[in-house]
Amino acid sequence: MRHSLTTAPPVEDSAPPVDDSLARETTHARREIRQESNDAYNRLHSIAEDAAFISRMAHLYPTFKMYPNLRCGAWYVEPKLGQREPVYFKSTDGHFGQWAFNLRRANLHLLDAITQCGGVILVDSTRRGKRFPDALSKTVPIWCAVINLAVAKRSNGPSWTAMESKENYGLYTPSGSVSRSEHSQMESRLDEWAEKLLSSEYSIPCLPKPLRPIWITADTQTILPLDSLDVYPVVCVSASRLVQEGIERRSAGYTYVQGSGDDHESWSQGLTPELYWQNHTQILAASRSTLSVVISSLVASTYQSDDFTGSPILVPVIPVKSRLAVGMAHSMPSLSALSSMSGRKVYVFMTSQPGPLPAVSSCRILLLQTTPGKKGQHKLLTDVLPQSLHFIRHHLVHGEDIAVVCNDGKDISVGVAVAALCLFFDDEGVCVANTNSPGTPTKDTVRKRLQWILANNPQANPSRTTLKRVNEYLMSQPRHLDATLSAVEGDLESSFNA
């Protein structure tokens with residue numbers, strides 16, 4: 001039997017048109033929310049509101065050192081209340097299925113502050129929909145549990161680790177932010193992460209008490225004293241209030257934006273937390289219509305300043321007895337001052353400042369120009385690394401200490417320092433720069449040398465691309481490396497004796 005084909009009846013002209021006014025209203029509302037969320041005036045006044053809460057927290061626990069979590073936390077912590085040393089608990093290390101105890105962000109420098117002060121305060125915030133960022137609800141709890149377990153695994157651990165119960169070195173997470181299932185999956189990885197930490201180059205101090213995360217928000221009703229506990233409290237403070245749709249209008253003339261310090265590149269117009277706190281009175285006094293001009297003026301003034309002024313801030317690499325140090329270019333003295341400095345330290349000075357580099361007459365300074373993007377990575381491999389390593393080897397052989405600096409002290413300078421540590425120091429930190437063959441580094445060598453730097457310099461955070469170039473330079477040219485170093489050594493000797 002054949003089925004007959006039928007067609008739908010025609011739509012009568014009298015049928016009412018589809019009403020899409022609700023869809024238009026929804027689209028308009030979302031656009032308005034997005035505009036208000038990215039408005040610098042709203043963001044900065046929201047930050048000021050949250051910073052007032054953080055200030056109260058600092059005074060509630062005056063003996064605890066306060067650390068803003070990179071990068072968002074620095075907007076909420078007035079510099080006089082917070083520590084200069086950064087901490088970096090990355091939210092992605094707490095994302096579902098991506099949980100990690102990351103040895104590149106071990107944050108072990110916090111342990112000294114915790115044992116000395118009885119606890120610490122960590123400050124961060126998050127955008128709409130959550131009370132806590134993943135960094136505070138999961139990454140920090142993992143960190144606390146792994147360190148407690150690593151201490152417990154050592155044979156000479158303190159008395160609290162001898163208890164049969166896992167209470168002292170178990171995982172603690174906020175129940176409202178982490179499900180039981182996720183908590184269980186994270187907990188199953190603790191032993192693996194603790195072994196990874198114990199096998200690293202990091203030194204873990206003996207803790208008289210275990211670490212315990214504690215969570216506080218602006219909506220916390222009761223804030224208890226924490227100075228007489230049997231644990232070290234790691235106080236995780238989420239600076240922003242949880243509000244509907246992430247925004248809430250204030251009678252003071254601005255719209256409160258939850259987590260305003262997050263993703264500041266989208267609204268800050270070049271303003272940084274440091275620049276904000278240096279000028280926050282002027283910024284907050286500006287009207288909505290003049291704020292952009294005020295910010296532009298402040299940002300422009302920082303770029304006009306001399307990039308080669310300031311006091312030296314260098315972080316030594318302790319395992320090599322401070323023969324090598326890493327620092328920031330904008331915190332270095334003027335080039336003329338560097339040229340006239342006496343002592344045993346010489347400088348590899350890398351800057352991304354555009355335009356011709358100033359002339360340097362001193363053999364104590366190697367000044368190199370870096371470039372952003374893919375072109376800069378190629379230059380790092382073919383120009384910056386070869387020149388800097390030749391310079392470093394020559395001065396190490398002559399008994400001088402080396403300072404390797406770049407604009408932020410986090411990326412390129414760290415990459416160069418890692419390469420130098422791999423080539424010119426053995427696993428015990430002994431300088432071997434005067435040997436004919438520096439040996440062939442492995443990926444494990446690179447990892448260990450990076451940990452030497454990170455142990456005393458938590459701000460160091462070389463990009464994956466930079467480390468890839470360092471690996472490529474060290475491992476793809478072992479046959480040519482010795483000859484190249486020897487050839488340039490002769491060139492350097494000639495230039496220094498000229």
# chains A, B, ... in the order shown; residues from 1 in each chain; ligands from 1
>>> residues_around(residues="Ser175 (chain A)", least_positions_apart="5", cutoff="12 Å", atoms="only C-alpha atoms", output="NGL selection string")
:A and (131-132 or 137-138 or 180-183 or 214-215)
>>> write_last_selection(atoms="N, CA, C and O atoms", output="PDB file, in the first residue's frame")
ATOM      1  N   ARG A 131      30.676  31.553  45.905  1.00  0.00           N
ATOM      2  CA  ARG A 131      31.173  32.302  47.057  1.00  0.00           C
ATOM      3  C   ARG A 131      32.699  32.330  47.088  1.00  0.00           C
ATOM      4  O   ARG A 131      33.301  33.309  47.516  1.00  0.00           O
ATOM      5  N   PHE A 132      33.310  31.236  46.641  1.00  0.00           N
ATOM      6  CA  PHE A 132      34.767  31.127  46.691  1.00  0.00           C
ATOM      7  C   PHE A 132      35.315  30.770  45.311  1.00  0.00           C
ATOM      8  O   PHE A 132      34.719  29.957  44.595  1.00  0.00           O
ATOM      9  N   SER A 137      38.731  27.252  47.433  1.00  0.00           N
ATOM     10  CA  SER A 137      37.888  26.129  47.859  1.00  0.00           C
ATOM     11  C   SER A 137      38.520  24.768  47.581  1.00  0.00           C
ATOM     12  O   SER A 137      38.175  23.779  48.236  1.00  0.00           O
ATOM     13  N   LYS A 138      39.478  24.709  46.629  1.00  0.00           N
ATOM     14  CA  LYS A 138      40.063  23.408  46.280  1.00  0.00           C
ATOM     15  C   LYS A 138      41.592  23.410  46.212  1.00  0.00           C
ATOM     16  O   LYS A 138      42.237  22.523  46.768  1.00  0.00           O
ATOM     17  N   ARG A 180      30.573  15.872  47.684  1.00  0.00           N
ATOM     18  CA  ARG A 180      31.226  14.714  48.308  1.00  0.00           C
ATOM     19  C   ARG A 180      31.993  13.897  47.278  1.00  0.00           C
ATOM     20  O   ARG A 180      33.080  13.391  47.549  1.00  0.00           O
ATOM     21  N   SER A 181      31.409  13.761  46.095  1.00  0.00           N
ATOM     22  CA  SER A 181      32.065  12.980  45.050  1.00  0.00           C
ATOM     23  C   SER A 181      33.387  13.620  44.638  1.00  0.00           C
ATOM     24  O   SER A 181      34.418  12.933  44.520  1.00  0.00           O
ATOM     25  N   GLU A 182      33.365  14.930  44.413  1.00  0.00           N
ATOM     26  CA  GLU A 182      34.596  15.614  44.013  1.00  0.00           C
ATOM     27  C   GLU A 182      35.621  15.556  45.135  1.00  0.00           C
ATOM     28  O   GLU A 182      36.813  15.348  44.894  1.00  0.00           O
ATOM     29  N   HIS A 183      35.167  15.758  46.365  1.00  0.00           N
ATOM     30  CA  HIS A 183      36.067  15.683  47.521  1.00  0.00           C
ATOM     31  C   HIS A 183      36.762  14.320  47.560  1.00  0.00           C
ATOM     32  O   HIS A 183      37.985  14.237  47.761  1.00  0.00           O
ATOM     33  N   ILE A 214      40.494  27.403  56.536  1.00  0.00           N
ATOM     34  CA  ILE A 214      39.270  27.949  57.121  1.00  0.00           C
ATOM     35  C   ILE A 214      38.761  29.019  56.169  1.00  0.00           C
ATOM     36  O   ILE A 214      39.547  29.823  55.671  1.00  0.00           O
ATOM     37  N   TRP A 215      37.449  29.047  55.928  1.00  0.00           N
ATOM     38  CA  TRP A 215      36.901  29.922  54.893  1.00  0.00           C
ATOM     39  C   TRP A 215      36.030  31.017  55.498  1.00  0.00           C
ATOM     40  O   TRP A 215      35.192  30.761  56.377  1.00  0.00           O
TER      41      TRP A 215
END
>>> select_by_dssp(residues="region 172-272 of chain A", states="alpha helix (DSSP H)", output="list in words")
Arg180, Ser181, Glu182, His183, Ser184, Gln185, Met186, Glu187, Leu190, Asp191, Glu192, Trp193, Ala194, Glu195, Lys196, Leu197 and Leu198 of chain A
>>> write_last_selection(atoms="N, CA, C and O atoms", output="mmCIF file, in the first residue's frame")
data_model
loop_
_atom_site.group_PDB
_atom_site.id
_atom_site.type_symbol
_atom_site.label_atom_id
_atom_site.label_comp_id
_atom_site.auth_asym_id
_atom_site.auth_seq_id
_atom_site.Cartn_x
_atom_site.Cartn_y
_atom_site.Cartn_z
ATOM 1 N N ARG A 180 30.573 15.872 47.684
ATOM 2 C CA ARG A 180 31.226 14.714 48.308
ATOM 3 C C ARG A 180 31.993 13.897 47.278
ATOM 4 O O ARG A 180 33.080 13.391 47.549
ATOM 5 N N SER A 181 31.409 13.761 46.095
ATOM 6 C CA SER A 181 32.065 12.980 45.050
ATOM 7 C C SER A 181 33.387 13.620 44.638
ATOM 8 O O SER A 181 34.418 12.933 44.520
ATOM 9 N N GLU A 182 33.365 14.930 44.413
ATOM 10 C CA GLU A 182 34.596 15.614 44.013
ATOM 11 C C GLU A 182 35.621 15.556 45.135
ATOM 12 O O GLU A 182 36.813 15.348 44.894
ATOM 13 N N HIS A 183 35.167 15.758 46.365
ATOM 14 C CA HIS A 183 36.067 15.683 47.521
ATOM 15 C C HIS A 183 36.762 14.320 47.560
ATOM 16 O O HIS A 183 37.985 14.237 47.761
ATOM 17 N N SER A 184 35.998 13.265 47.347
ATOM 18 C CA SER A 184 36.551 11.908 47.394
ATOM 19 C C SER A 184 37.581 11.693 46.286
ATOM 20 O O SER A 184 38.631 11.073 46.516
ATOM 21 N N GLN A 185 37.299 12.198 45.099
ATOM 22 C CA GLN A 185 38.237 12.038 43.986
ATOM 23 C C GLN A 185 39.534 12.798 44.239
ATOM 24 O O GLN A 185 40.630 12.309 43.910
ATOM 25 N N MET A 186 39.435 13.994 44.801
ATOM 26 C CA MET A 186 40.630 14.759 45.145
ATOM 27 C C MET A 186 41.436 14.050 46.227
ATOM 28 O O MET A 186 42.669 13.951 46.146
ATOM 29 N N GLU A 187 40.733 13.525 47.225
ATOM 30 C CA GLU A 187 41.404 12.875 48.351
ATOM 31 C C GLU A 187 42.179 11.640 47.907
ATOM 32 O O GLU A 187 43.239 11.320 48.464
ATOM 33 N N LEU A 190 45.917 12.374 47.044
ATOM 34 C CA LEU A 190 46.813 13.025 48.005
ATOM 35 C C LEU A 190 48.131 12.278 48.168
ATOM 36 O O LEU A 190 49.208 12.901 48.223
ATOM 37 N N ASP A 191 48.076 10.968 48.279
ATOM 38 C CA ASP A 191 49.289 10.189 48.496
ATOM 39 C C ASP A 191 50.265 10.356 47.341
ATOM 40 O O ASP A 191 51.473 10.532 47.543
ATOM 41 N N GLU A 192 49.743 10.333 46.129
ATOM 42 C CA GLU A 192 50.569 10.524 44.932
ATOM 43 C C GLU A 192 51.245 11.887 44.951
ATOM 44 O O GLU A 192 52.446 12.006 44.656
ATOM 45 N N TRP A 193 50.495 12.935 45.288
ATOM 46 C CA TRP A 193 51.061 14.283 45.308
ATOM 47 C C TRP A 193 52.095 14.455 46.422
ATOM 48 O O TRP A 193 53.105 15.132 46.249
ATOM 49 N N ALA A 194 51.847 13.822 47.580
ATOM 50 C CA ALA A 194 52.798 13.921 48.689
ATOM 51 C C ALA A 194 54.129 13.277 48.322
ATOM 52 O O ALA A 194 55.210 13.807 48.631
ATOM 53 N N GLU A 195 54.076 12.126 47.651
ATOM 54 C CA GLU A 195 55.309 11.463 47.205
ATOM 55 C C GLU A 195 56.047 12.322 46.191
ATOM 56 O O GLU A 195 57.283 12.394 46.193
ATOM 57 N N LYS A 196 55.295 12.973 45.332
ATOM 58 C CA LYS A 196 55.884 13.861 44.325
ATOM 59 C C LYS A 196 56.611 15.021 45.002
ATOM 60 O O LYS A 196 57.720 15.400 44.596
ATOM 61 N N LEU A 197 56.020 15.576 46.042
ATOM 62 C CA LEU A 197 56.653 16.672 46.774
ATOM 63 C C LEU A 197 57.908 16.201 47.486
ATOM 64 O O LEU A 197 58.950 16.872 47.458
ATOM 65 N N LEU A 198 57.837 15.031 48.112
ATOM 66 C CA LEU A 198 58.984 14.516 48.859
ATOM 67 C C LEU A 198 60.166 14.181 47.951
ATOM 68 O O LEU A 198 61.319 14.223 48.386
#
>>> closest_residue(among="A:Asn279, A:Thr382, A:Ser125, A:Thr92", to="Pro68 (chain A)", atoms="only C-alpha atoms")
A:Ser125
>>> atom_distance(atom1="CA of Ser388 (chain A)", atom2="CA of Val416 (chain A)")
7.4 Å
>>> closest_residue(among="A:Met350, A:His390, A:Phe53, A:Val404", to="Ile216 (chain A)", atoms="only C-alpha atoms")
A:Phe53
>>> residues_around(residues="Leu70 (chain A)", least_positions_apart="4", cutoff="10 Å", atoms="only C-alpha atoms", output="PyMOL selection string")
chain A and resi 74-75+86-90+123-124+459
>>> write_last_selection(atoms="N, CA, C and O atoms", output="PDB file, in the first residue's frame")
ATOM      1  N   ALA A  74      45.590  41.136  44.700  1.00  0.00           N
ATOM      2  CA  ALA A  74      46.329  42.373  44.958  1.00  0.00           C
ATOM      3  C   ALA A  74      45.443  43.615  44.887  1.00  0.00           C
ATOM      4  O   ALA A  74      45.771  44.642  45.480  1.00  0.00           O
ATOM      5  N   TRP A  75      44.313  43.550  44.180  1.00  0.00           N
ATOM      6  CA  TRP A  75      43.410  44.701  44.103  1.00  0.00           C
ATOM      7  C   TRP A  75      42.754  44.993  45.451  1.00  0.00           C
ATOM      8  O   TRP A  75      42.382  46.136  45.720  1.00  0.00           O
ATOM      9  N   PRO A  86      54.740  37.202  46.843  1.00  0.00           N
ATOM     10  CA  PRO A  86      53.479  36.744  46.252  1.00  0.00           C
ATOM     11  C   PRO A  86      53.173  35.300  46.614  1.00  0.00           C
ATOM     12  O   PRO A  86      54.070  34.518  46.974  1.00  0.00           O
ATOM     13  N   VAL A  87      51.900  34.945  46.556  1.00  0.00           N
ATOM     14  CA  VAL A  87      51.496  33.546  46.569  1.00  0.00           C
ATOM     15  C   VAL A  87      50.661  33.321  45.322  1.00  0.00           C
ATOM     16  O   VAL A  87      49.979  34.224  44.839  1.00  0.00           O
ATOM     17  N   TYR A  88      50.736  32.124  44.805  1.00  0.00           N
ATOM     18  CA  TYR A  88      50.009  31.840  43.573  1.00  0.00           C
ATOM     19  C   TYR A  88      49.360  30.469  43.670  1.00  0.00           C
ATOM     20  O   TYR A  88      49.969  29.448  43.357  1.00  0.00           O
ATOM     21  N   PHE A  89      48.138  30.465  44.156  1.00  0.00           N
ATOM     22  CA  PHE A  89      47.311  29.267  44.137  1.00  0.00           C
ATOM     23  C   PHE A  89      46.374  29.406  42.945  1.00  0.00           C
ATOM     24  O   PHE A  89      45.433  30.201  42.979  1.00  0.00           O
ATOM     25  N   LYS A  90      46.648  28.659  41.900  1.00  0.00           N
ATOM     26  CA  LYS A  90      45.935  28.848  40.645  1.00  0.00           C
ATOM     27  C   LYS A  90      44.605  28.100  40.651  1.00  0.00           C
ATOM     28  O   LYS A  90      44.540  26.923  41.041  1.00  0.00           O
ATOM     29  N   VAL A 123      43.962  36.060  50.377  1.00  0.00           N
ATOM     30  CA  VAL A 123      42.859  36.872  49.855  1.00  0.00           C
ATOM     31  C   VAL A 123      42.716  36.655  48.355  1.00  0.00           C
ATOM     32  O   VAL A 123      43.683  36.739  47.599  1.00  0.00           O
ATOM     33  N   ASP A 124      41.486  36.401  47.931  1.00  0.00           N
ATOM     34  CA  ASP A 124      41.171  36.227  46.517  1.00  0.00           C
ATOM     35  C   ASP A 124      39.696  36.571  46.344  1.00  0.00           C
ATOM     36  O   ASP A 124      39.010  36.900  47.316  1.00  0.00           O
ATOM     37  N   GLN A 459      57.814  34.380  43.086  1.00  0.00           N
ATOM     38  CA  GLN A 459      57.309  35.236  42.025  1.00  0.00           C
ATOM     39  C   GLN A 459      57.727  34.741  40.648  1.00  0.00           C
ATOM     40  O   GLN A 459      57.079  35.044  39.646  1.00  0.00           O
TER      41      GLN A 459
END
